[in-house]
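Dropping entry.cif in here (mmCIF, N, CA and C atoms):
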```cif
data_start
#
loop_
_atom_site.label_atom_id
_atom_site.label_comp_id
_atom_site.auth_asym_id
_atom_site.auth_seq_id
_atom_site.Cartn_x
_atom_site.Cartn_y
_atom_site.Cartn_z
N MET A 1 -5.15 5.70 21.15
CA MET A 1 -4.00 6.58 21.31
C MET A 1 -4.34 7.97 20.81
N PRO A 2 -4.10 9.00 21.58
CA PRO A 2 -4.36 10.35 21.09
C PRO A 2 -3.35 10.72 20.02
N LYS A 3 -3.83 11.36 18.98
CA LYS A 3 -2.97 11.73 17.86
C LYS A 3 -2.02 12.84 18.27
N GLY A 4 -0.80 12.75 17.75
CA GLY A 4 0.14 13.85 17.94
C GLY A 4 1.27 13.53 18.88
N GLY A 5 1.18 12.47 19.67
CA GLY A 5 2.24 12.18 20.62
C GLY A 5 3.27 11.23 20.05
N ASP A 6 4.39 11.09 20.76
CA ASP A 6 5.41 10.13 20.39
C ASP A 6 5.22 8.96 21.34
N TYR A 7 4.72 7.85 20.82
CA TYR A 7 4.30 6.74 21.66
C TYR A 7 5.41 5.75 21.89
N LYS A 8 5.28 5.01 22.98
CA LYS A 8 6.21 3.96 23.28
C LYS A 8 5.84 2.75 22.43
N TYR A 9 6.83 2.14 21.80
CA TYR A 9 6.60 1.00 20.92
C TYR A 9 6.17 -0.22 21.71
N ASP A 10 5.19 -0.94 21.17
CA ASP A 10 4.73 -2.21 21.75
C ASP A 10 4.59 -3.19 20.59
N SER A 11 5.26 -4.32 20.66
CA SER A 11 5.27 -5.29 19.56
C SER A 11 3.88 -5.87 19.27
N LYS A 12 2.92 -5.68 20.19
CA LYS A 12 1.56 -6.17 19.95
C LYS A 12 0.91 -5.48 18.76
N ILE A 13 1.44 -4.34 18.36
CA ILE A 13 0.87 -3.58 17.25
C ILE A 13 1.17 -4.25 15.91
N CYS A 14 2.15 -5.15 15.87
CA CYS A 14 2.57 -5.77 14.61
C CYS A 14 1.45 -6.52 13.91
N ASP A 15 0.62 -7.24 14.66
CA ASP A 15 -0.49 -7.97 14.05
C ASP A 15 -1.47 -7.03 13.35
N ARG A 16 -1.75 -5.90 13.99
CA ARG A 16 -2.66 -4.91 13.38
C ARG A 16 -2.05 -4.33 12.12
N VAL A 17 -0.75 -4.03 12.17
CA VAL A 17 -0.06 -3.45 11.02
C VAL A 17 -0.04 -4.44 9.86
N ARG A 18 0.24 -5.71 10.15
CA ARG A 18 0.26 -6.75 9.11
C ARG A 18 -1.12 -6.85 8.45
N MET A 19 -2.17 -6.86 9.25
CA MET A 19 -3.53 -6.97 8.72
C MET A 19 -3.89 -5.76 7.86
N MET A 20 -3.52 -4.56 8.32
CA MET A 20 -3.83 -3.36 7.54
C MET A 20 -3.06 -3.34 6.23
N ALA A 21 -1.79 -3.74 6.27
CA ALA A 21 -0.98 -3.78 5.05
C ALA A 21 -1.54 -4.81 4.07
N GLU A 22 -2.00 -5.94 4.59
CA GLU A 22 -2.59 -6.98 3.75
C GLU A 22 -3.86 -6.47 3.06
N LYS A 23 -4.57 -5.59 3.71
CA LYS A 23 -5.79 -5.03 3.12
C LYS A 23 -5.48 -3.91 2.12
N GLY A 24 -4.19 -3.57 1.98
CA GLY A 24 -3.79 -2.59 0.97
C GLY A 24 -3.73 -1.16 1.46
N LEU A 25 -3.79 -0.94 2.77
CA LEU A 25 -3.72 0.42 3.29
C LEU A 25 -2.31 1.00 3.08
N THR A 26 -2.25 2.29 2.85
CA THR A 26 -0.97 2.98 2.71
C THR A 26 -0.41 3.26 4.10
N ASP A 27 0.87 3.64 4.15
CA ASP A 27 1.48 4.00 5.44
C ASP A 27 0.70 5.14 6.10
N THR A 28 0.32 6.12 5.33
CA THR A 28 -0.42 7.27 5.87
C THR A 28 -1.76 6.84 6.45
N GLU A 29 -2.47 5.96 5.75
CA GLU A 29 -3.75 5.47 6.26
C GLU A 29 -3.56 4.68 7.55
N MET A 30 -2.49 3.88 7.61
CA MET A 30 -2.22 3.14 8.84
C MET A 30 -1.91 4.08 9.99
N CYS A 31 -1.14 5.13 9.73
CA CYS A 31 -0.84 6.13 10.77
C CYS A 31 -2.13 6.71 11.32
N ASP A 32 -3.03 7.08 10.43
CA ASP A 32 -4.30 7.68 10.85
C ASP A 32 -5.10 6.72 11.73
N LEU A 33 -5.19 5.45 11.30
CA LEU A 33 -5.97 4.47 12.08
C LEU A 33 -5.31 4.14 13.41
N LEU A 34 -3.99 4.16 13.45
CA LEU A 34 -3.28 3.86 14.69
C LEU A 34 -3.11 5.08 15.58
N GLY A 35 -3.41 6.26 15.02
CA GLY A 35 -3.24 7.49 15.78
C GLY A 35 -1.79 7.88 15.97
N LEU A 36 -0.96 7.52 15.01
CA LEU A 36 0.47 7.82 15.10
C LEU A 36 0.86 8.93 14.14
N GLN A 37 1.88 9.68 14.52
CA GLN A 37 2.47 10.62 13.59
C GLN A 37 3.27 9.81 12.58
N ARG A 38 3.36 10.33 11.36
CA ARG A 38 4.10 9.62 10.32
C ARG A 38 5.57 9.43 10.70
N GLN A 39 6.15 10.44 11.32
CA GLN A 39 7.56 10.34 11.71
C GLN A 39 7.77 9.17 12.69
N THR A 40 6.85 9.01 13.62
CA THR A 40 6.95 7.92 14.59
C THR A 40 6.83 6.58 13.87
N PHE A 41 5.86 6.49 12.98
CA PHE A 41 5.62 5.27 12.21
C PHE A 41 6.88 4.90 11.42
N TRP A 42 7.47 5.83 10.69
CA TRP A 42 8.65 5.55 9.87
C TRP A 42 9.88 5.25 10.74
N ARG A 43 9.97 5.90 11.88
CA ARG A 43 11.08 5.62 12.80
C ARG A 43 10.97 4.18 13.31
N TRP A 44 9.75 3.75 13.65
CA TRP A 44 9.54 2.38 14.11
C TRP A 44 9.91 1.37 13.03
N LYS A 45 9.60 1.70 11.76
CA LYS A 45 9.95 0.79 10.67
C LYS A 45 11.47 0.59 10.61
N LYS A 46 12.21 1.64 10.87
CA LYS A 46 13.67 1.55 10.82
C LYS A 46 14.25 0.91 12.08
N LYS A 47 13.65 1.20 13.22
CA LYS A 47 14.21 0.80 14.50
C LYS A 47 13.81 -0.61 14.94
N TYR A 48 12.61 -1.05 14.60
CA TYR A 48 12.09 -2.32 15.10
C TYR A 48 11.89 -3.31 13.95
N PRO A 49 12.76 -4.29 13.81
CA PRO A 49 12.66 -5.25 12.70
C PRO A 49 11.33 -6.00 12.64
N ASP A 50 10.75 -6.33 13.79
CA ASP A 50 9.47 -7.06 13.78
C ASP A 50 8.35 -6.19 13.20
N PHE A 51 8.41 -4.90 13.43
CA PHE A 51 7.42 -3.97 12.90
C PHE A 51 7.55 -3.88 11.38
N ALA A 52 8.79 -3.69 10.91
CA ALA A 52 9.04 -3.60 9.47
C ALA A 52 8.68 -4.91 8.77
N GLU A 53 9.00 -6.04 9.40
CA GLU A 53 8.69 -7.34 8.83
C GLU A 53 7.19 -7.57 8.73
N ALA A 54 6.44 -7.16 9.74
CA ALA A 54 4.98 -7.30 9.70
C ALA A 54 4.40 -6.52 8.53
N MET A 55 4.93 -5.31 8.34
CA MET A 55 4.45 -4.50 7.21
C MET A 55 4.79 -5.15 5.88
N GLU A 56 6.02 -5.61 5.74
CA GLU A 56 6.44 -6.23 4.48
C GLU A 56 5.65 -7.50 4.19
N GLU A 57 5.39 -8.30 5.20
CA GLU A 57 4.60 -9.53 5.01
C GLU A 57 3.19 -9.19 4.53
N GLY A 58 2.58 -8.21 5.18
CA GLY A 58 1.23 -7.81 4.80
C GLY A 58 1.18 -7.24 3.38
N LYS A 59 2.15 -6.40 3.04
CA LYS A 59 2.19 -5.82 1.70
C LYS A 59 2.46 -6.89 0.64
N ALA A 60 3.30 -7.86 0.97
CA ALA A 60 3.60 -8.94 0.02
C ALA A 60 2.34 -9.75 -0.29
N LEU A 61 1.54 -10.04 0.73
CA LEU A 61 0.28 -10.77 0.50
C LEU A 61 -0.68 -9.95 -0.35
N SER A 62 -0.78 -8.67 -0.06
CA SER A 62 -1.64 -7.78 -0.83
C SER A 62 -1.20 -7.73 -2.29
N ASP A 63 0.10 -7.61 -2.50
CA ASP A 63 0.65 -7.58 -3.86
C ASP A 63 0.37 -8.89 -4.58
N GLN A 64 0.46 -9.99 -3.85
CA GLN A 64 0.21 -11.30 -4.43
C GLN A 64 -1.24 -11.42 -4.91
N TYR A 65 -2.18 -10.92 -4.13
CA TYR A 65 -3.60 -10.95 -4.53
C TYR A 65 -3.82 -10.16 -5.82
N VAL A 66 -3.19 -8.99 -5.89
CA VAL A 66 -3.35 -8.14 -7.08
C VAL A 66 -2.70 -8.82 -8.29
N GLU A 67 -1.54 -9.40 -8.09
CA GLU A 67 -0.86 -10.09 -9.18
C GLU A 67 -1.71 -11.24 -9.71
N GLN A 68 -2.32 -12.01 -8.82
CA GLN A 68 -3.19 -13.11 -9.24
C GLN A 68 -4.39 -12.59 -10.02
N SER A 69 -4.96 -11.49 -9.55
CA SER A 69 -6.11 -10.91 -10.24
C SER A 69 -5.73 -10.43 -11.63
N LEU A 70 -4.58 -9.78 -11.74
CA LEU A 70 -4.10 -9.31 -13.04
C LEU A 70 -3.88 -10.50 -13.97
N TYR A 71 -3.29 -11.56 -13.46
CA TYR A 71 -3.05 -12.75 -14.27
C TYR A 71 -4.38 -13.32 -14.79
N HIS A 72 -5.37 -13.44 -13.92
CA HIS A 72 -6.68 -13.97 -14.34
C HIS A 72 -7.34 -13.06 -15.37
N ARG A 73 -7.22 -11.75 -15.17
CA ARG A 73 -7.82 -10.83 -16.15
C ARG A 73 -7.10 -10.92 -17.50
N ALA A 74 -5.79 -11.13 -17.47
CA ALA A 74 -5.02 -11.22 -18.71
C ALA A 74 -5.35 -12.48 -19.50
N LYS A 75 -5.61 -13.59 -18.82
CA LYS A 75 -5.85 -14.84 -19.54
C LYS A 75 -7.33 -15.17 -19.70
N GLY A 76 -8.20 -14.45 -18.98
CA GLY A 76 -9.62 -14.77 -19.00
C GLY A 76 -9.91 -15.84 -17.95
N PHE A 77 -11.15 -15.88 -17.48
CA PHE A 77 -11.49 -16.84 -16.44
C PHE A 77 -12.99 -17.06 -16.39
N GLU A 78 -13.38 -18.12 -15.70
CA GLU A 78 -14.79 -18.43 -15.47
C GLU A 78 -15.04 -18.37 -13.98
N ARG A 79 -16.26 -17.96 -13.64
CA ARG A 79 -16.61 -17.89 -12.22
C ARG A 79 -18.09 -18.22 -12.05
N GLU A 80 -18.38 -18.98 -11.01
CA GLU A 80 -19.77 -19.30 -10.72
C GLU A 80 -20.41 -18.12 -10.01
N GLU A 81 -21.58 -17.72 -10.49
CA GLU A 81 -22.30 -16.60 -9.89
C GLU A 81 -23.76 -16.98 -9.71
N GLU A 82 -24.39 -16.33 -8.74
CA GLU A 82 -25.81 -16.54 -8.53
C GLU A 82 -26.57 -15.41 -9.21
N VAL A 83 -27.56 -15.77 -10.01
CA VAL A 83 -28.40 -14.78 -10.66
C VAL A 83 -29.82 -14.91 -10.11
N VAL A 84 -30.48 -13.78 -10.03
CA VAL A 84 -31.85 -13.74 -9.53
C VAL A 84 -32.72 -13.11 -10.62
N PHE A 85 -33.83 -13.77 -10.94
CA PHE A 85 -34.74 -13.22 -11.94
C PHE A 85 -36.17 -13.64 -11.61
N CYS A 86 -37.10 -13.03 -12.31
CA CYS A 86 -38.51 -13.32 -12.08
C CYS A 86 -39.04 -14.11 -13.27
N SER A 87 -39.62 -15.27 -13.00
CA SER A 87 -40.19 -16.10 -14.06
C SER A 87 -41.63 -16.44 -13.69
N LYS A 88 -42.57 -15.94 -14.49
CA LYS A 88 -43.99 -16.17 -14.28
C LYS A 88 -44.43 -15.76 -12.88
N GLY A 89 -43.89 -14.63 -12.43
CA GLY A 89 -44.27 -14.08 -11.14
C GLY A 89 -43.56 -14.70 -9.95
N VAL A 90 -42.62 -15.59 -10.20
CA VAL A 90 -41.88 -16.26 -9.13
C VAL A 90 -40.42 -15.82 -9.20
N ILE A 91 -39.89 -15.45 -8.04
CA ILE A 91 -38.47 -15.07 -7.98
C ILE A 91 -37.64 -16.35 -7.96
N VAL A 92 -36.71 -16.42 -8.90
CA VAL A 92 -35.88 -17.62 -9.06
C VAL A 92 -34.42 -17.24 -8.85
N LYS A 93 -33.73 -18.05 -8.06
CA LYS A 93 -32.28 -17.91 -7.88
C LYS A 93 -31.63 -19.14 -8.48
N THR A 94 -30.64 -18.91 -9.29
CA THR A 94 -29.92 -20.04 -9.88
C THR A 94 -28.45 -19.69 -10.04
N LYS A 95 -27.63 -20.70 -10.11
CA LYS A 95 -26.19 -20.49 -10.30
C LYS A 95 -25.86 -20.68 -11.76
N VAL A 96 -25.02 -19.80 -12.27
CA VAL A 96 -24.55 -19.89 -13.65
C VAL A 96 -23.03 -19.73 -13.65
N ILE A 97 -22.42 -20.23 -14.69
CA ILE A 97 -20.98 -20.04 -14.85
C ILE A 97 -20.82 -18.91 -15.85
N LYS A 98 -20.18 -17.84 -15.39
CA LYS A 98 -20.00 -16.67 -16.24
C LYS A 98 -18.55 -16.65 -16.71
N TYR A 99 -18.37 -16.37 -18.01
CA TYR A 99 -17.04 -16.32 -18.60
C TYR A 99 -16.61 -14.87 -18.77
N TYR A 100 -15.42 -14.56 -18.30
CA TYR A 100 -14.82 -13.24 -18.47
C TYR A 100 -13.67 -13.39 -19.45
N PRO A 101 -13.78 -12.79 -20.63
CA PRO A 101 -12.72 -12.96 -21.64
C PRO A 101 -11.44 -12.24 -21.23
N PRO A 102 -10.31 -12.59 -21.86
CA PRO A 102 -9.06 -11.89 -21.55
C PRO A 102 -9.21 -10.39 -21.78
N ASP A 103 -8.57 -9.63 -20.92
CA ASP A 103 -8.62 -8.17 -20.99
C ASP A 103 -7.34 -7.66 -21.65
N THR A 104 -7.49 -6.93 -22.75
CA THR A 104 -6.33 -6.46 -23.51
C THR A 104 -5.40 -5.60 -22.67
N THR A 105 -5.94 -4.70 -21.88
CA THR A 105 -5.11 -3.83 -21.05
C THR A 105 -4.29 -4.64 -20.05
N ALA A 106 -4.89 -5.64 -19.45
CA ALA A 106 -4.16 -6.49 -18.51
C ALA A 106 -3.06 -7.26 -19.24
N CYS A 107 -3.34 -7.72 -20.45
CA CYS A 107 -2.32 -8.42 -21.24
C CYS A 107 -1.14 -7.51 -21.54
N ILE A 108 -1.42 -6.28 -21.95
CA ILE A 108 -0.36 -5.33 -22.26
C ILE A 108 0.47 -5.04 -21.02
N TYR A 109 -0.19 -4.79 -19.92
CA TYR A 109 0.51 -4.49 -18.67
C TYR A 109 1.40 -5.67 -18.27
N TRP A 110 0.86 -6.86 -18.35
CA TRP A 110 1.60 -8.06 -17.97
C TRP A 110 2.84 -8.24 -18.85
N THR A 111 2.64 -8.17 -20.16
CA THR A 111 3.77 -8.42 -21.06
C THR A 111 4.85 -7.34 -20.96
N LYS A 112 4.45 -6.10 -20.82
CA LYS A 112 5.45 -5.01 -20.72
C LYS A 112 6.27 -5.13 -19.45
N ASN A 113 5.67 -5.62 -18.38
CA ASN A 113 6.38 -5.71 -17.11
C ASN A 113 7.10 -7.04 -16.91
N ARG A 114 6.55 -8.11 -17.45
CA ARG A 114 7.17 -9.42 -17.27
C ARG A 114 8.20 -9.75 -18.36
N MET A 115 8.01 -9.15 -19.54
CA MET A 115 8.90 -9.43 -20.68
C MET A 115 9.32 -8.12 -21.35
N PRO A 116 9.95 -7.23 -20.62
CA PRO A 116 10.23 -5.90 -21.17
C PRO A 116 11.14 -5.91 -22.39
N SER A 117 12.05 -6.86 -22.50
CA SER A 117 12.94 -6.86 -23.66
C SER A 117 12.17 -7.15 -24.96
N ARG A 118 11.04 -7.84 -24.85
CA ARG A 118 10.24 -8.16 -26.04
C ARG A 118 9.07 -7.22 -26.25
N TRP A 119 8.55 -6.57 -25.18
CA TRP A 119 7.29 -5.87 -25.27
C TRP A 119 7.32 -4.39 -24.89
N ARG A 120 8.44 -3.87 -24.46
CA ARG A 120 8.43 -2.46 -24.03
C ARG A 120 8.22 -1.54 -25.23
N ASP A 121 7.67 -0.38 -24.94
CA ASP A 121 7.54 0.65 -25.97
C ASP A 121 8.89 1.32 -26.11
N ARG A 122 9.39 1.36 -27.31
CA ARG A 122 10.65 2.06 -27.52
C ARG A 122 10.62 2.71 -28.88
N ASN A 123 11.15 3.88 -28.92
CA ASN A 123 11.26 4.63 -30.16
C ASN A 123 12.74 4.80 -30.47
N VAL A 124 13.19 4.17 -31.52
CA VAL A 124 14.58 4.28 -31.93
C VAL A 124 14.58 5.06 -33.23
N ILE A 125 15.26 6.18 -33.21
CA ILE A 125 15.35 7.03 -34.40
C ILE A 125 16.80 7.06 -34.83
N GLU A 126 17.04 6.62 -36.05
CA GLU A 126 18.39 6.66 -36.59
C GLU A 126 18.42 7.70 -37.69
N HIS A 127 19.52 8.43 -37.74
CA HIS A 127 19.65 9.49 -38.74
C HIS A 127 21.04 9.44 -39.33
N GLU A 128 21.10 9.59 -40.63
CA GLU A 128 22.38 9.71 -41.31
C GLU A 128 22.38 11.00 -42.09
N GLY A 129 23.52 11.65 -42.13
CA GLY A 129 23.61 12.88 -42.92
C GLY A 129 23.79 14.09 -42.04
N ASN A 130 23.52 15.24 -42.62
CA ASN A 130 23.71 16.52 -41.94
C ASN A 130 22.41 17.01 -41.31
N ILE A 131 22.56 17.78 -40.27
CA ILE A 131 21.43 18.45 -39.62
C ILE A 131 21.73 19.93 -39.62
N THR A 132 20.78 20.74 -40.08
CA THR A 132 20.94 22.18 -40.04
C THR A 132 20.08 22.72 -38.91
N VAL A 133 20.70 23.49 -38.02
CA VAL A 133 19.98 24.06 -36.89
C VAL A 133 19.75 25.53 -37.17
N VAL A 134 18.50 25.96 -37.11
CA VAL A 134 18.14 27.36 -37.32
C VAL A 134 17.48 27.86 -36.04
N THR A 135 17.95 28.96 -35.51
CA THR A 135 17.34 29.55 -34.32
C THR A 135 16.65 30.84 -34.69
N THR A 136 15.59 31.12 -34.00
CA THR A 136 14.84 32.35 -34.24
C THR A 136 14.78 33.11 -32.93
N ASN A 137 15.15 34.41 -32.96
CA ASN A 137 15.06 35.18 -31.72
C ASN A 137 13.64 35.70 -31.55
N TYR A 138 13.36 36.29 -30.42
CA TYR A 138 12.00 36.72 -30.10
C TYR A 138 11.48 37.81 -31.02
N ALA A 139 12.34 38.50 -31.72
CA ALA A 139 11.89 39.55 -32.62
C ALA A 139 11.52 38.99 -33.98
N GLY A 140 11.73 37.70 -34.17
CA GLY A 140 11.36 37.09 -35.43
C GLY A 140 12.49 37.02 -36.44
N ALA A 141 13.66 37.55 -36.12
CA ALA A 141 14.79 37.49 -37.03
C ALA A 141 15.41 36.10 -36.95
N SER A 142 15.86 35.59 -38.08
CA SER A 142 16.40 34.24 -38.13
C SER A 142 17.91 34.29 -38.20
N ALA A 143 18.57 33.37 -37.50
CA ALA A 143 20.03 33.28 -37.54
C ALA A 143 20.39 31.85 -37.77
N ASN A 144 21.30 31.59 -38.70
CA ASN A 144 21.73 30.23 -39.01
C ASN A 144 22.83 29.85 -38.04
N ALA A 145 22.63 28.81 -37.26
CA ALA A 145 23.60 28.39 -36.27
C ALA A 145 24.67 27.50 -36.88
N GLY A 146 24.47 27.07 -38.10
CA GLY A 146 25.48 26.26 -38.75
C GLY A 146 25.02 24.84 -38.96
N ASN A 147 25.85 24.09 -39.62
CA ASN A 147 25.55 22.69 -39.93
C ASN A 147 26.22 21.78 -38.92
N LEU A 148 25.53 20.73 -38.55
CA LEU A 148 26.08 19.69 -37.69
C LEU A 148 26.14 18.42 -38.49
N THR A 149 27.16 17.63 -38.27
CA THR A 149 27.27 16.37 -38.99
C THR A 149 27.03 15.23 -38.01
N ALA A 150 26.16 14.31 -38.40
CA ALA A 150 25.86 13.15 -37.55
C ALA A 150 26.90 12.09 -37.72
#
```
The structure given in the file should be rewritten as structure tokens.
Amino acid sequence: MPKGGDYKYDSKICDRVRMMAEKGLTDTEMCDLLGLQRQTFWRWKKKYPDFAEAMEEGKALSDQYVEQSLYHRAKGFEREEEVVFCSKGVIVKTKVIKYYPPDTTACIYWTKNRMPSRWRDRNVIEHEGNITVVTTNYAGASANAGNLTA
């Protein structure tokens, strides 16, 4: 499709859109690959339920993959890997189980988002008594604005 035109919608495009969304492409990246203007793309999302559904399904799968990866990073995991090395002049390939320990950043991200009432960052400042506000003008002269009571 030549870029720049307003194209006629064809439901056959839904499979491509679902696949691109599943791979994590943004709306703008999909527009570029499909040769569509962004306005046309967004209009189709609003006008054609099958188009919007294909995008949402693809994005949901992509989000699910990321969520699973974050979960594994937060709790730590083991994975079988192939290593290649040279022993006495002979190239050797062997499988090993590699352990990846829990990642602190992933743990923090998980807990703050999944359990915000227990883990969110919050600064609570309580004050009792009087507060004196002093303002200074640009010439450096000071003026007392008065006392405020909390």
### Task
Write out as an MDAnalysis selection string all residues of chain A that backbone DSSP assigns to alpha helix (DSSP H).
chainID A and resid 13:22 27:34 38:47 49:75 104:114 116:119
Expand the PyMOL selection byres (((chain A and resi 27-42 and name CA) around 12) and name CA) into the individual residues it matches in the shown file, reporting them as a CSV table (one decimal) with N, CA and C atoms, in the frame of the given file.
```
chain,number,residue,atom,x,y,z
A,1,MET,N,-5.2,5.7,21.2
A,1,MET,CA,-4.0,6.6,21.3
A,1,MET,C,-4.3,8.0,20.8
A,2,PRO,N,-4.1,9.0,21.6
A,2,PRO,CA,-4.4,10.4,21.1
A,2,PRO,C,-3.4,10.7,20.0
A,3,LYS,N,-3.8,11.4,19.0
A,3,LYS,CA,-3.0,11.7,17.9
A,3,LYS,C,-2.0,12.8,18.3
A,4,GLY,N,-0.8,12.8,17.8
A,4,GLY,CA,0.1,13.8,17.9
A,4,GLY,C,1.3,13.5,18.9
A,5,GLY,N,1.2,12.5,19.7
A,5,GLY,CA,2.2,12.2,20.6
A,5,GLY,C,3.3,11.2,20.0
A,6,ASP,N,4.4,11.1,20.8
A,6,ASP,CA,5.4,10.1,20.4
A,6,ASP,C,5.2,9.0,21.3
A,7,TYR,N,4.7,7.8,20.8
A,7,TYR,CA,4.3,6.7,21.7
A,7,TYR,C,5.4,5.8,21.9
A,8,LYS,N,5.3,5.0,23.0
A,8,LYS,CA,6.2,4.0,23.3
A,8,LYS,C,5.8,2.8,22.4
A,9,TYR,N,6.8,2.1,21.8
A,9,TYR,CA,6.6,1.0,20.9
A,9,TYR,C,6.2,-0.2,21.7
A,13,ILE,N,1.4,-4.3,18.4
A,13,ILE,CA,0.9,-3.6,17.2
A,13,ILE,C,1.2,-4.2,15.9
A,14,CYS,N,2.2,-5.2,15.9
A,14,CYS,CA,2.6,-5.8,14.6
A,14,CYS,C,1.4,-6.5,13.9
A,16,ARG,N,-1.8,-5.9,14.0
A,16,ARG,CA,-2.7,-4.9,13.4
A,16,ARG,C,-2.0,-4.3,12.1
A,17,VAL,N,-0.8,-4.0,12.2
A,17,VAL,CA,-0.1,-3.4,11.0
A,17,VAL,C,0.0,-4.4,9.9
A,18,ARG,N,0.2,-5.7,10.2
A,18,ARG,CA,0.3,-6.8,9.1
A,18,ARG,C,-1.1,-6.8,8.4
A,19,MET,N,-2.2,-6.9,9.2
A,19,MET,CA,-3.5,-7.0,8.7
A,19,MET,C,-3.9,-5.8,7.9
A,20,MET,N,-3.5,-4.6,8.3
A,20,MET,CA,-3.8,-3.4,7.5
A,20,MET,C,-3.1,-3.3,6.2
A,21,ALA,N,-1.8,-3.7,6.3
A,21,ALA,CA,-1.0,-3.8,5.0
A,21,ALA,C,-1.5,-4.8,4.1
A,22,GLU,N,-2.0,-5.9,4.6
A,22,GLU,CA,-2.6,-7.0,3.8
A,22,GLU,C,-3.9,-6.5,3.1
A,23,LYS,N,-4.6,-5.6,3.7
A,23,LYS,CA,-5.8,-5.0,3.1
A,23,LYS,C,-5.5,-3.9,2.1
A,24,GLY,N,-4.2,-3.6,2.0
A,24,GLY,CA,-3.8,-2.6,1.0
A,24,GLY,C,-3.7,-1.2,1.5
A,25,LEU,N,-3.8,-0.9,2.8
A,25,LEU,CA,-3.7,0.4,3.3
A,25,LEU,C,-2.3,1.0,3.1
A,26,THR,N,-2.2,2.3,2.8
A,26,THR,CA,-1.0,3.0,2.7
A,26,THR,C,-0.4,3.3,4.1
A,43,ARG,N,10.0,5.9,11.9
A,43,ARG,CA,11.1,5.6,12.8
A,43,ARG,C,11.0,4.2,13.3
A,44,TRP,N,9.8,3.8,13.6
A,44,TRP,CA,9.5,2.4,14.1
A,44,TRP,C,9.9,1.4,13.0
A,45,LYS,N,9.6,1.7,11.8
A,45,LYS,CA,10.0,0.8,10.7
A,45,LYS,C,11.5,0.6,10.6
A,46,LYS,N,12.2,1.6,10.9
A,46,LYS,CA,13.7,1.6,10.8
A,46,LYS,C,14.2,0.9,12.1
A,47,LYS,N,13.6,1.2,13.2
A,47,LYS,CA,14.2,0.8,14.5
A,47,LYS,C,13.8,-0.6,14.9
A,48,TYR,N,12.6,-1.0,14.6
A,48,TYR,CA,12.1,-2.3,15.1
A,48,TYR,C,11.9,-3.3,14.0
A,49,PRO,N,12.8,-4.3,13.8
A,49,PRO,CA,12.7,-5.2,12.7
A,49,PRO,C,11.3,-6.0,12.6
A,51,PHE,N,8.4,-4.9,13.4
A,51,PHE,CA,7.4,-4.0,12.9
A,51,PHE,C,7.6,-3.9,11.4
A,52,ALA,N,8.8,-3.7,10.9
A,52,ALA,CA,9.0,-3.6,9.5
A,52,ALA,C,8.7,-4.9,8.8
A,55,MET,N,4.9,-5.3,8.3
A,55,MET,CA,4.4,-4.5,7.2
A,55,MET,C,4.8,-5.2,5.9
A,56,GLU,N,6.0,-5.6,5.7
A,56,GLU,CA,6.4,-6.2,4.5
A,56,GLU,C,5.6,-7.5,4.2
A,58,GLY,N,2.6,-8.2,5.2
A,58,GLY,CA,1.2,-7.8,4.8
A,58,GLY,C,1.2,-7.2,3.4
A,59,LYS,N,2.2,-6.4,3.0
A,59,LYS,CA,2.2,-5.8,1.7
A,59,LYS,C,2.5,-6.9,0.6
```
For stretch 100-107 of chain A: contacts at 6.5 Å, all atoms listed in the file, fewer than 3 positions along chain excluded, given as a PDB file with N, CA and C atoms, in the frame of the given file:
```
ATOM      1  N   LEU A  70      -4.580  -9.780 -11.740  1.00  0.00           N
ATOM      2  CA  LEU A  70      -4.100  -9.310 -13.040  1.00  0.00           C
ATOM      3  C   LEU A  70      -3.880 -10.500 -13.970  1.00  0.00           C
ATOM      4  N   ARG A  73      -7.220 -11.750 -15.170  1.00  0.00           N
ATOM      5  CA  ARG A  73      -7.820 -10.830 -16.150  1.00  0.00           C
ATOM      6  C   ARG A  73      -7.100 -10.920 -17.500  1.00  0.00           C
ATOM      7  N   ALA A  74      -5.790 -11.130 -17.470  1.00  0.00           N
ATOM      8  CA  ALA A  74      -5.020 -11.220 -18.710  1.00  0.00           C
ATOM      9  C   ALA A  74      -5.350 -12.480 -19.500  1.00  0.00           C
ATOM     10  N   LYS A  75      -5.610 -13.590 -18.820  1.00  0.00           N
ATOM     11  CA  LYS A  75      -5.850 -14.840 -19.540  1.00  0.00           C
ATOM     12  C   LYS A  75      -7.330 -15.170 -19.700  1.00  0.00           C
ATOM     13  N   GLY A  76      -8.200 -14.450 -18.980  1.00  0.00           N
ATOM     14  CA  GLY A  76      -9.620 -14.770 -19.000  1.00  0.00           C
ATOM     15  C   GLY A  76      -9.910 -15.840 -17.950  1.00  0.00           C
ATOM     16  N   PHE A  77     -11.150 -15.880 -17.480  1.00  0.00           N
ATOM     17  CA  PHE A  77     -11.490 -16.840 -16.440  1.00  0.00           C
ATOM     18  C   PHE A  77     -12.990 -17.060 -16.390  1.00  0.00           C
ATOM     19  N   GLU A  78     -13.380 -18.120 -15.700  1.00  0.00           N
ATOM     20  CA  GLU A  78     -14.790 -18.430 -15.470  1.00  0.00           C
ATOM     21  C   GLU A  78     -15.040 -18.370 -13.980  1.00  0.00           C
ATOM     22  N   ARG A  79     -16.260 -17.960 -13.640  1.00  0.00           N
ATOM     23  CA  ARG A  79     -16.610 -17.890 -12.220  1.00  0.00           C
ATOM     24  C   ARG A  79     -18.090 -18.220 -12.050  1.00  0.00           C
ATOM     25  N   TRP A 110       0.860  -6.860 -18.350  1.00  0.00           N
ATOM     26  CA  TRP A 110       1.600  -8.060 -17.970  1.00  0.00           C
ATOM     27  C   TRP A 110       2.840  -8.240 -18.850  1.00  0.00           C
ATOM     28  N   THR A 111       2.640  -8.170 -20.160  1.00  0.00           N
ATOM     29  CA  THR A 111       3.770  -8.420 -21.060  1.00  0.00           C
ATOM     30  C   THR A 111       4.850  -7.340 -20.960  1.00  0.00           C
ATOM     31  N   LYS A 112       4.450  -6.100 -20.820  1.00  0.00           N
ATOM     32  CA  LYS A 112       5.450  -5.010 -20.720  1.00  0.00           C
ATOM     33  C   LYS A 112       6.270  -5.130 -19.450  1.00  0.00           C
TER      34      LYS A 112
END
```
